[in-house]
Amino acid sequence: MVNYYMFFFIFLSCILVLVSGFSRNLPILAFDEGYSHLFGDNNLMILKDGKSVHISLDKRTGAGFVSQDLYFHGFFSASIKLPADYTAGVVVAFYMSNGDMFEKNHDEIDFEFLGNIRGKDWRIQTNIYGNGSTNVGREERYGLWFDPSEDFHQYSILWTENLIIFYVDNVPIREIKRTKAMGGDFPSKPMSLIATIWDGSNWATNGGKYKVNYKYAPYIAEFSDFVLHGCAVDPIELSSKCDNTTPKTPLIPTGITLDQRQKMENFRKKQMQYSYCYDETRYKVPPPECVIDHKEAERLRAFDPVTFGGSHHHHGKRHRRSRSKLKDDDDVSFM
């Protein structure tokens with residue numbers, strides 16, 4: 001019996017080590033191996049190494065790129081360096097969506113980076129939609145413990161059947177568990193990975209008070225270290241190229257370790273600035289999955305009111321893909 005427990009302890013320790021370093025061991029793709037130009041003409045530039053890309057916003061247009069495959073669950077990541085100086089009104093997004101195929105009941109998992117006036121920090125926003133549930137935004141906003149315009153930092157999404165986790169530099173910052181109360185609001189259809197830069201002047205910075213100033217253009221967002229580690233899906237049949245016999249890589253986490261959970265809790269206490277669960281203006285009764293913490297609610301009241309821009313597909317950014325149209329049926333110092 002002692003040997004059994006010793007074996008179990010060693011096995012569990014190995015798994016935790018693998019999980020803690022998972023993203024550093026997954027294959028990095030060249031841009032052309034995983035992504036294609038979505039929109040923006042010459043505002044997307046692939047660098048000579050083929051593994052990095054710049055997308056820019058100027059007075060003429062923004063830019064974006066999209067994964068060549070649809071995915072049904074997986075781990076998806078990129079290292080991103082955001083524009084510096086005055087960036088009010090600028091939105092950089094790294095997200096999953098199927099809005100080009102399911103216009104009325106699309107899903108999304110969003111990272112959005114919201115620019116700011118000079119001397120103020122970028123903010124990061126996460127959100128999900130399921131089955132077209134855009135009338136129930138599940139946004140959260142945070143500060144960061146670093147300047148995201150000074151260097152590259154890794155932003156990652158883990159999406160499984162019952163769990164979504166957002167990571168920054170391998171630190172989980174938000175965990176969303178599928179609950180019965182959410183119904184169809186949990187993303188459940190195959191999605192593409194998309195990255196864009198665009199003008200969100202009407203809402204992104206102080207509710208639209210500060211807008212994009214094109215004398216500072218072009219605004220350039222840099223992307224590298226692309227990871228697309230998921231179950232690819234046929235875009236016509238929506239049939240998976242994976243099956244139950246496909247081995248699961250031990251490098252993909254299935255949840256959050258105790259150490260990661262402590263880091264996530266510390267991050268959220270220090271950096272979270274808004275949660276939809278406490279927005280009494282939008283929701284007289286919090287959405288059913290919310291667990292109310294009155295101390296957290298009191299702390300968040302100190303931050304300015306928040307204005308949202310809604311789904312990505314409400315910003316004149318719907319750029320159709322070249323697919324047949326389907327029918328409707330996102331060590332750190334504070335630890």
# chains A, B, ... in the order shown; residues from 1 in each chain; ligands from 1
>>> select_by_dssp(residues="region 147-202 of chain A", states="helix (DSSP H, G or I)", output="PyMOL selection string")
chain A and resi 180-185
>>> closest_atom_pairs(of="region 98-202 of chain A", to="region 285-302 of chain A", cutoff="8 Å", atoms="only C-alpha atoms", output="CSV")
residue,atom,partner,partner_atom,distance
A:Thr179,CA,A:Glu289,CA,6.9
A:Ala181,CA,A:Pro288,CA,5.8
A:Met182,CA,A:Glu289,CA,6.6
>>> write_last_selection(atoms="N, CA and C atoms", output="PDB file, in the first residue's frame")
ATOM      1  N   THR A 179     -21.881  25.308 -16.824  1.00  0.00           N
ATOM      2  CA  THR A 179     -22.886  24.936 -15.827  1.00  0.00           C
ATOM      3  C   THR A 179     -24.229  24.724 -16.503  1.00  0.00           C
ATOM      4  N   ALA A 181     -26.918  26.015 -15.577  1.00  0.00           N
ATOM      5  CA  ALA A 181     -27.611  27.306 -15.572  1.00  0.00           C
ATOM      6  C   ALA A 181     -27.275  28.151 -16.807  1.00  0.00           C
ATOM      7  N   MET A 182     -26.071  27.950 -17.366  1.00  0.00           N
ATOM      8  CA  MET A 182     -25.682  28.718 -18.553  1.00  0.00           C
ATOM      9  C   MET A 182     -26.430  28.267 -19.797  1.00  0.00           C
TER      10      MET A 182
END
>>> residues_around(residues="Met191 (chain A)", least_positions_apart="4", cutoff="10 Å", atoms="only C-alpha atoms", output="PyMOL selection string")
chain A and resi 67+69-73+95-101+106-109+187+232-233+235
>>> write_last_selection(atoms="C-alpha atoms", output="short mmCIF file (atom, residue, chain, number, x, y, z; two decimals), in the first residue's frame")
data_model
loop_
_atom_site.label_atom_id
_atom_site.label_comp_id
_atom_site.auth_asym_id
_atom_site.auth_seq_id
_atom_site.Cartn_x
_atom_site.Cartn_y
_atom_site.Cartn_z
CA SER A 67 -6.63 30.37 -38.91
CA ASP A 69 -8.68 25.48 -39.97
CA LEU A 70 -11.70 25.40 -37.71
CA TYR A 71 -11.11 23.86 -34.31
CA PHE A 72 -13.33 22.06 -31.86
CA HIS A 73 -11.53 22.46 -28.51
CA TYR A 95 -10.14 35.56 -30.28
CA MET A 96 -12.11 32.54 -31.47
CA SER A 97 -15.34 32.87 -33.43
CA ASN A 98 -17.64 31.16 -35.92
CA GLY A 99 -19.65 34.27 -36.75
CA ASP A 100 -18.98 33.98 -40.47
CA MET A 101 -20.86 30.68 -40.54
CA HIS A 106 -22.42 32.23 -33.21
CA ASP A 107 -19.90 31.47 -30.44
CA GLU A 108 -16.89 33.51 -29.32
CA ILE A 109 -14.00 33.33 -26.85
CA PRO A 187 -19.31 28.01 -26.71
CA ALA A 232 -9.33 20.44 -36.57
CA VAL A 233 -12.79 20.20 -38.10
CA PRO A 235 -15.53 23.28 -42.54
#
>>> atom_distance(atom1="CA of Leu38 (chain A)", atom2="CA of Thr126 (chain A)")
22.1 Å
>>> residues_around(residues="region 265-273 of chain A", least_positions_apart="5", cutoff="10 Å", atoms="only C-alpha atoms", output="PyMOL selection string")
chain A and resi 123-125+140-145+171-174+260+296+299-306+332+334-335
>>> closest_residue(among="A:Ser77, A:Asn116, A:Ser36, A:Asn135", to="Arg282 (chain A)", atoms="only C-alpha atoms")
A:Asn135
>>> atom_distance(atom1="CA of Ile80 (chain A)", atom2="CA of Tyr276 (chain A)")
25.9 Å
>>> atom_distance(atom1="CA of Phe186 (chain A)", atom2="CA of Phe111 (chain A)")
16.0 Å
>>> residues_around(residues="Ile165 (chain A)", least_positions_apart="4", cutoff="10 Å", atoms="only C-alpha atoms", output="list in words")
Phe75, Ile109, Ser156, Ile157, Leu158, Trp159, Thr160, Val171, Pro172, Ile173, Arg174, Glu175, Ile176, Lys177, Pro253, Thr254, Gly255, Ile256 and Asp330 of chain A
>>> closest_residue(among="A:Ile164, A:Ile117, A:Val53, A:Ala195", to="Gly89 (chain A)", atoms="only C-alpha atoms")
A:Ile117
>>> closest_residue(among="A:Thr281, A:Ser192, A:Gln68, A:Ser149", to="Tyr86 (chain A)", atoms="only C-alpha atoms")
A:Ser149
